[in-house]
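Coordinates as given in query-v7.txt (compact mmCIF, N, CA and C atoms):
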# COMPACT_ATOMS: atom_id res chain seq x y z
N MET A 1 78.67 109.27 99.57
CA MET A 1 80.03 109.10 99.13
C MET A 1 80.51 107.72 99.53
N SER A 2 81.34 107.14 98.72
CA SER A 2 81.83 105.78 98.94
C SER A 2 82.84 105.71 100.07
N SER A 3 82.90 104.55 100.71
CA SER A 3 83.88 104.33 101.77
C SER A 3 84.94 103.33 101.34
N PHE A 4 85.04 103.04 100.04
CA PHE A 4 86.02 102.07 99.55
C PHE A 4 87.43 102.58 99.79
N GLN A 5 88.24 101.72 100.32
CA GLN A 5 89.66 102.03 100.52
C GLN A 5 90.46 101.01 99.71
N PRO A 6 91.10 101.42 98.62
CA PRO A 6 91.83 100.46 97.81
C PRO A 6 92.98 99.83 98.59
N PRO A 7 93.16 98.52 98.41
CA PRO A 7 94.24 97.84 99.10
C PRO A 7 95.58 98.18 98.47
N LEU A 8 96.62 97.91 99.20
CA LEU A 8 97.96 98.13 98.67
C LEU A 8 98.48 96.86 98.01
N GLY A 9 97.62 95.85 97.86
CA GLY A 9 98.01 94.54 97.34
C GLY A 9 98.14 94.50 95.83
N ALA A 10 97.68 93.41 95.29
CA ALA A 10 97.84 93.10 93.87
C ALA A 10 97.16 94.13 92.97
N ARG A 11 97.72 94.28 91.79
CA ARG A 11 97.18 95.20 90.78
C ARG A 11 95.72 94.88 90.50
N GLU A 12 95.38 93.60 90.38
CA GLU A 12 94.01 93.21 90.09
C GLU A 12 93.05 93.72 91.16
N GLU A 13 93.46 93.64 92.42
CA GLU A 13 92.61 94.10 93.51
C GLU A 13 92.48 95.62 93.51
N ARG A 14 93.57 96.32 93.26
CA ARG A 14 93.51 97.79 93.21
C ARG A 14 92.57 98.24 92.10
N ILE A 15 92.66 97.60 90.95
CA ILE A 15 91.80 97.95 89.82
C ILE A 15 90.34 97.68 90.17
N ALA A 16 90.07 96.53 90.75
CA ALA A 16 88.69 96.19 91.12
C ALA A 16 88.13 97.18 92.14
N TYR A 17 88.94 97.59 93.10
CA TYR A 17 88.48 98.57 94.09
C TYR A 17 88.18 99.91 93.43
N ASN A 18 89.03 100.34 92.50
CA ASN A 18 88.80 101.61 91.82
C ASN A 18 87.49 101.56 91.04
N GLU A 19 87.27 100.47 90.33
CA GLU A 19 86.05 100.37 89.54
C GLU A 19 84.82 100.26 90.44
N ALA A 20 84.93 99.56 91.55
CA ALA A 20 83.81 99.46 92.48
C ALA A 20 83.49 100.82 93.09
N TRP A 21 84.51 101.62 93.34
CA TRP A 21 84.31 102.98 93.86
C TRP A 21 83.52 103.81 92.85
N CYS A 22 83.90 103.72 91.58
CA CYS A 22 83.17 104.46 90.53
C CYS A 22 81.75 103.95 90.41
N ARG A 23 81.58 102.62 90.51
CA ARG A 23 80.23 102.04 90.45
C ARG A 23 79.37 102.60 91.58
N ASP A 24 79.96 102.73 92.77
CA ASP A 24 79.23 103.26 93.92
C ASP A 24 78.80 104.70 93.67
N LEU A 25 79.67 105.50 93.11
CA LEU A 25 79.31 106.88 92.77
C LEU A 25 78.19 106.92 91.74
N ASN A 26 78.27 106.04 90.76
CA ASN A 26 77.25 106.02 89.71
C ASN A 26 75.89 105.55 90.22
N GLN A 27 75.86 104.77 91.28
CA GLN A 27 74.59 104.37 91.87
C GLN A 27 73.81 105.62 92.30
N GLY A 28 74.52 106.59 92.85
CA GLY A 28 73.89 107.84 93.25
C GLY A 28 73.36 108.61 92.05
N VAL A 29 74.12 108.63 90.95
CA VAL A 29 73.68 109.31 89.74
C VAL A 29 72.42 108.64 89.22
N ALA A 30 72.39 107.31 89.23
CA ALA A 30 71.23 106.57 88.73
C ALA A 30 69.98 106.90 89.54
N LYS A 31 70.13 106.99 90.85
CA LYS A 31 68.98 107.33 91.71
C LYS A 31 68.50 108.74 91.39
N TRP A 32 69.44 109.64 91.18
CA TRP A 32 69.09 111.02 90.88
C TRP A 32 68.41 111.13 89.52
N ALA A 33 68.90 110.40 88.55
CA ALA A 33 68.36 110.47 87.19
C ALA A 33 66.94 109.93 87.12
N GLY A 34 66.63 108.98 87.98
CA GLY A 34 65.27 108.44 88.04
C GLY A 34 64.86 107.70 86.79
N GLY A 35 63.60 107.90 86.34
CA GLY A 35 62.98 107.23 85.19
C GLY A 35 63.89 106.84 84.06
N GLY A 36 63.39 106.71 82.87
CA GLY A 36 64.14 106.24 81.73
C GLY A 36 64.91 107.32 81.01
N VAL A 37 65.15 108.44 81.63
CA VAL A 37 65.85 109.55 80.98
C VAL A 37 67.36 109.29 81.00
N PRO A 38 68.02 109.34 79.84
CA PRO A 38 69.47 109.14 79.83
C PRO A 38 70.17 110.23 80.63
N ALA A 39 71.21 109.84 81.32
CA ALA A 39 71.99 110.80 82.11
C ALA A 39 73.42 110.81 81.58
N GLU A 40 73.98 112.00 81.41
CA GLU A 40 75.34 112.12 80.89
C GLU A 40 76.37 112.22 82.00
N GLY A 41 75.94 112.21 83.23
CA GLY A 41 76.86 112.39 84.33
C GLY A 41 77.47 111.13 84.89
N PHE A 42 77.30 109.98 84.21
CA PHE A 42 77.89 108.76 84.73
C PHE A 42 79.40 108.79 84.55
N ARG A 43 80.08 108.44 85.60
CA ARG A 43 81.54 108.39 85.59
C ARG A 43 81.98 107.11 84.90
N CYS A 44 83.00 107.22 84.06
CA CYS A 44 83.62 106.03 83.47
C CYS A 44 84.11 105.16 84.61
N GLU A 45 83.77 103.87 84.57
CA GLU A 45 84.12 102.95 85.63
C GLU A 45 85.38 102.15 85.30
N CYS A 46 86.29 102.77 84.59
CA CYS A 46 87.50 102.06 84.15
C CYS A 46 88.54 101.94 85.26
N TRP A 47 89.61 101.28 84.94
CA TRP A 47 90.69 100.99 85.88
C TRP A 47 91.59 102.19 86.15
N ARG A 48 91.49 103.23 85.35
CA ARG A 48 92.38 104.39 85.48
C ARG A 48 91.98 105.24 86.68
N VAL A 49 92.84 105.35 87.64
CA VAL A 49 92.53 106.04 88.89
C VAL A 49 92.07 107.48 88.67
N GLY A 50 92.69 108.22 87.80
CA GLY A 50 92.35 109.62 87.60
C GLY A 50 91.39 109.89 86.46
N CYS A 51 90.74 108.87 85.91
CA CYS A 51 89.86 109.07 84.76
C CYS A 51 88.68 109.96 85.14
N GLU A 52 88.43 110.96 84.30
CA GLU A 52 87.32 111.87 84.54
C GLU A 52 86.32 111.88 83.40
N GLU A 53 86.40 110.87 82.53
CA GLU A 53 85.45 110.76 81.42
C GLU A 53 84.05 110.57 81.97
N ARG A 54 83.09 111.16 81.29
CA ARG A 54 81.68 110.98 81.62
C ARG A 54 81.02 110.27 80.44
N ILE A 55 80.09 109.40 80.75
CA ILE A 55 79.40 108.67 79.71
C ILE A 55 77.89 108.78 79.89
N ARG A 56 77.18 108.64 78.79
CA ARG A 56 75.72 108.73 78.80
C ARG A 56 75.16 107.32 78.81
N LEU A 57 74.24 107.07 79.72
CA LEU A 57 73.58 105.77 79.81
C LEU A 57 72.08 105.96 79.95
N SER A 58 71.33 105.19 79.18
CA SER A 58 69.87 105.18 79.35
C SER A 58 69.56 104.26 80.53
N GLY A 59 68.32 104.28 80.96
CA GLY A 59 67.90 103.39 82.05
C GLY A 59 68.12 101.93 81.68
N GLU A 60 67.81 101.57 80.46
CA GLU A 60 68.00 100.18 80.00
C GLU A 60 69.48 99.81 79.99
N GLU A 61 70.32 100.71 79.51
CA GLU A 61 71.77 100.44 79.51
C GLU A 61 72.29 100.30 80.93
N TRP A 62 71.82 101.16 81.82
CA TRP A 62 72.24 101.09 83.22
C TRP A 62 71.88 99.73 83.82
N ARG A 63 70.67 99.26 83.56
CA ARG A 63 70.25 97.96 84.08
C ARG A 63 71.10 96.83 83.51
N GLU A 64 71.47 96.93 82.24
CA GLU A 64 72.33 95.92 81.63
C GLU A 64 73.70 95.90 82.30
N VAL A 65 74.26 97.07 82.54
CA VAL A 65 75.57 97.15 83.20
C VAL A 65 75.49 96.55 84.59
N ARG A 66 74.45 96.87 85.34
CA ARG A 66 74.33 96.40 86.72
C ARG A 66 73.76 94.99 86.84
N SER A 67 73.52 94.31 85.72
CA SER A 67 72.93 92.97 85.77
C SER A 67 73.86 91.92 86.38
N LYS A 68 75.15 92.19 86.39
CA LYS A 68 76.13 91.30 87.01
C LYS A 68 77.12 92.16 87.80
N ALA A 69 77.53 91.66 88.94
CA ALA A 69 78.40 92.44 89.83
C ALA A 69 79.79 92.69 89.26
N ASN A 70 80.21 91.92 88.27
CA ASN A 70 81.53 92.11 87.69
C ASN A 70 81.48 92.88 86.37
N ARG A 71 80.35 93.52 86.09
CA ARG A 71 80.20 94.33 84.87
C ARG A 71 80.36 95.81 85.19
N PHE A 72 80.95 96.51 84.21
CA PHE A 72 81.19 97.94 84.37
C PHE A 72 81.00 98.65 83.04
N ALA A 73 80.64 99.94 83.10
CA ALA A 73 80.51 100.79 81.92
C ALA A 73 81.75 101.66 81.84
N VAL A 74 82.44 101.59 80.70
CA VAL A 74 83.66 102.37 80.54
C VAL A 74 83.60 103.14 79.23
N ALA A 75 84.37 104.21 79.16
CA ALA A 75 84.52 104.94 77.90
C ALA A 75 85.19 104.00 76.89
N PRO A 76 84.88 104.15 75.60
CA PRO A 76 85.49 103.27 74.61
C PRO A 76 87.02 103.20 74.77
N GLU A 77 87.51 101.99 74.72
CA GLU A 77 88.93 101.66 74.81
C GLU A 77 89.55 101.83 76.19
N HIS A 78 88.77 102.12 77.21
CA HIS A 78 89.29 102.25 78.57
C HIS A 78 89.28 100.89 79.26
N ILE A 79 90.02 99.97 78.73
CA ILE A 79 90.03 98.62 79.30
C ILE A 79 91.43 98.21 79.71
N ALA A 80 91.49 97.32 80.68
CA ALA A 80 92.73 96.63 81.04
C ALA A 80 92.59 95.24 80.41
N ALA A 81 93.09 95.09 79.21
CA ALA A 81 92.84 93.89 78.40
C ALA A 81 93.22 92.59 79.09
N ASP A 82 94.18 92.63 79.99
CA ASP A 82 94.59 91.41 80.67
C ASP A 82 93.65 91.02 81.80
N LEU A 83 92.72 91.91 82.19
CA LEU A 83 91.82 91.65 83.31
C LEU A 83 90.34 91.75 82.95
N GLU A 84 90.04 92.21 81.75
CA GLU A 84 88.66 92.49 81.39
C GLU A 84 88.33 91.96 80.00
N ALA A 85 87.07 91.65 79.81
CA ALA A 85 86.57 91.24 78.51
C ALA A 85 85.46 92.20 78.10
N VAL A 86 85.47 92.63 76.85
CA VAL A 86 84.42 93.50 76.34
C VAL A 86 83.21 92.63 76.00
N VAL A 87 82.08 92.93 76.63
CA VAL A 87 80.85 92.21 76.40
C VAL A 87 80.12 92.79 75.19
N ARG A 88 80.08 94.13 75.14
CA ARG A 88 79.38 94.82 74.05
C ARG A 88 79.95 96.21 73.89
N GLU A 89 80.12 96.61 72.63
CA GLU A 89 80.61 97.96 72.32
C GLU A 89 79.44 98.81 71.83
N TYR A 90 79.08 99.78 72.64
CA TYR A 90 78.11 100.79 72.23
C TYR A 90 78.92 101.96 71.68
N PRO A 91 78.30 102.83 70.88
CA PRO A 91 79.06 103.96 70.35
C PRO A 91 79.60 104.89 71.44
N HIS A 92 78.89 105.02 72.56
CA HIS A 92 79.24 105.98 73.60
C HIS A 92 79.85 105.34 74.85
N PHE A 93 79.84 104.02 74.97
CA PHE A 93 80.49 103.33 76.07
C PHE A 93 80.67 101.86 75.72
N TRP A 94 81.57 101.21 76.45
CA TRP A 94 81.75 99.77 76.31
C TRP A 94 81.32 99.10 77.60
N LEU A 95 80.63 97.98 77.47
CA LEU A 95 80.24 97.15 78.61
C LEU A 95 81.32 96.09 78.78
N ILE A 96 81.94 96.06 79.95
CA ILE A 96 83.03 95.11 80.18
C ILE A 96 82.73 94.23 81.39
N GLU A 97 83.40 93.10 81.44
CA GLU A 97 83.33 92.21 82.60
C GLU A 97 84.73 91.98 83.13
N LYS A 98 84.88 92.12 84.44
CA LYS A 98 86.14 91.81 85.10
C LYS A 98 86.33 90.30 85.09
N GLN A 99 87.56 89.86 84.94
CA GLN A 99 87.90 88.44 84.91
C GLN A 99 88.84 88.11 86.07
N GLY A 100 88.97 86.84 86.40
CA GLY A 100 89.92 86.38 87.39
C GLY A 100 89.71 86.99 88.77
N ARG A 101 90.81 87.26 89.45
CA ARG A 101 90.76 87.80 90.81
C ARG A 101 90.06 89.16 90.84
N ALA A 102 90.28 89.98 89.83
CA ALA A 102 89.61 91.28 89.78
C ALA A 102 88.09 91.11 89.72
N GLY A 103 87.61 90.11 88.99
CA GLY A 103 86.19 89.83 88.93
C GLY A 103 85.65 89.36 90.27
N GLU A 104 86.44 88.54 90.96
CA GLU A 104 86.04 88.06 92.29
C GLU A 104 85.90 89.23 93.26
N VAL A 105 86.87 90.13 93.25
CA VAL A 105 86.84 91.28 94.15
C VAL A 105 85.65 92.17 93.80
N ALA A 106 85.40 92.38 92.53
CA ALA A 106 84.25 93.21 92.10
C ALA A 106 82.95 92.63 92.63
N ARG A 107 82.81 91.31 92.55
CA ARG A 107 81.59 90.67 93.06
C ARG A 107 81.50 90.80 94.59
N GLU A 108 82.64 90.66 95.27
CA GLU A 108 82.65 90.80 96.73
C GLU A 108 82.25 92.20 97.18
N LEU A 109 82.59 93.20 96.38
CA LEU A 109 82.32 94.59 96.74
C LEU A 109 80.94 95.07 96.31
N SER A 110 80.19 94.25 95.61
CA SER A 110 78.89 94.73 95.12
C SER A 110 77.84 94.72 96.22
Show how you would write the structure in this file as structure tokens.
Amino acid sequence: MSSFQPPLGAREERIAYNEAWCRDLNQGVAKWAGGGVPAEGFRCECWRVGCEERIRLSGEEWREVRSKANRFAVAPEHIAADLEAVVREYPHFWLIEKQGRAGEVARELS
């Protein structure tokens, strides 16, 4: 289980901490899923604190998402447009990159 404690500071930092927390949870799912078998239990790594969407990722998709510390897998349209850029839209998830201070915090927490 993650030990991330979101700060009470700026919105960008709170969002980055929330997404990093979800990323940490998904690391466990990826280890459990093992080989190249797609897993449907990945948590949406979006900015929404209470989001409970689950997304399916193949091993290749997982590696693409984790290729940069400021990248996250989110359910379609689960973006904070002022803080994130969509890298690629898959039918079942969107690959996004955190920008600005939120991106810096995401990299620091990886």
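Proximity of A:Arg107, A:Phe42, A:Glu97, A:Trp47 to Phe72 (chain A), computed with only C-alpha atoms, is greatest for A:Glu97.
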Selected residue, from A:Leu109, A:Leu95, A:Gly50, A:Glu84, that lies nearest to Glu64 (chain A) when counting only N, CA and C atoms: A:Leu95
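Going from atom N of Val74 (chain A) over to CA of Glu45 (chain A), you cover 5.4 Å.
Distances from A:Ile96, A:Asn70, A:Glu61, A:Arg56 to Tyr17 (chain A) were compared using only C-alpha atoms, and the smallest one belongs to A:Asn70.
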Find, counting only N, CA and C atoms, the residue in A:Val49, A:Glu19, A:Glu12, A:Ala73 that gets nearest to Gly100 (chain A). A:Glu12
Please, what distance in Å, to one decimal, runs between CA of His78 (chain A) and CA of Trp94 (chain A)? 8.3 Å
